[in-house]
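Only one structure is covered here, and it is reproduced in the block below.
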Amino acid sequence: MENIIIRKAYPEEAERLIDINIKVWNTTYNGLIPQEVIDKLQSKNLARIERNKKSIKEKNNIFVAEIDGKIIGYSTYGKTRDENYTDAGEIYAGYILDDYQKLGIGRKLAVACMEEMIKNGYTTLITKCLKGNPSNEFHKSLGGEFVGQSTFEPLGIYVGIENIYYHNDLLKSLKYNKDKIEYKNISK
Ligand SMILES: CC(C)(COP(=O)(O)OP(=O)(O)OC[C@H]1O[C@@H](n2cnc3c(N)ncnc32)[C@H](O)[C@@H]1OP(=O)(O)O)[C@@H](O)C(=O)NCCC(=O)NCCS
């Protein structure tokens, strides 16, 4: 994956990110979350695009992975919304199109988020992953320690259980993941 660029998202890319979100939700959560819940949460409309555009402008907290001029995945980050880890940063989400998964792109996006959070003063980090999602392996692979579970209740129409992974030394986790990327580059 030499021709990959990791960079911040632009507001005009809001719709592309929603398209990726919808596609990846349908392949990932099929069988894990009822389809009618997925459809309700993941519809595309003008209001959602505008909201996303505004959010990118104001928060500037999305990293995208671009290959040959096309965005194929993204990650978002910021202050955690979990009240048990109030000082921690959180990688809220990572969505990569099926054909590009397990090629090391998710780790590269996570590293970009970690670097940015360190710049913003965070020293600890959490990530969350729906119980039963094979991507829990990705969260473990970033070096996070499983510390418990919380509930995920989008729009009050569904209750899911999420596993929480904690990084008690964000700087150390950043180095760990950068070294893993470096090692993969050398051993190619
Ligand atoms: C989760 C996701 C962002 C990870 O990105 P990725 O580019 O596929 O992951 P990477 O290639 O960087 O993987 C890093 C490590 O995690 C492992 N991993 C990633 N996804 C995995 C999976 N589904 N099952 C098992 N291991 C997985 C990789 O094998 C790799 O291990 P290694 O370094 O020992 O070789 C991506 O797979 C994705 O978008 N999945 C679907 C959506 C999703 O579940 N998002 C997370 C919601 S919490």
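Labeling convention for the structure tokens: chains A, B, ... as they appear, residues from 1 per chain, ligands from 1 in order of appearance.
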- Task: Would you mind listing what lies within 9 Å of region 105-113 of chain A as a PyMOL selection string, with only C-alpha atoms counted and same-chain residues fewer than 2 positions away left out?
- Result: chain A and resi 1+4+6-7+61-65+73-78+90-91+94-96+100-103+115-118+138+141-142+173-175+177-178+180-181
- In chain A, DSSP alpha helix (DSSP H) residues written as a ChimeraX atom specification: /A:14-28,35-41,46-59,105-119,136-141,170-186
- Message: Can you tell me, as an MDAnalysis selection string, which residues in region 2-183 of chain A count as strand (DSSP E) by DSSP?
- Response: chainID A and resid 4:8 62:67 70:79 89:96 125:130 145:152 160:167
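One finds atom 23 (N, counted along the ligand's line) of ligand 1 at 12.1 Å from CA of Leu97 (chain A).
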- Message: Which residues are close to Thr151 (chain A), i.e. within 7 Å by only C-alpha atoms, leaving aside same-chain residues fewer than 6 positions away? Reply as a ChimeraX atom specification.
- Response: /A:159-162
- Task: Tell me, in Å to one decimal, how far CA of Asn26 (chain A) is from CA of Gln149 (chain A).
- Result: 23.3 Å
- Distance of CA of Ala88 (chain A) from CA of Ser135 (chain A), expressed in Å to one decimal place: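 These two atoms are separated by 21.4 Å.
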- Item | Contact residues around Leu17 (chain A) with only C-alpha atoms at 9 Å, ignoring same-chain residues under 4 positions, as a VMD selection string | chain A and resid 9 13 21 to 22 52 64 71 to 74
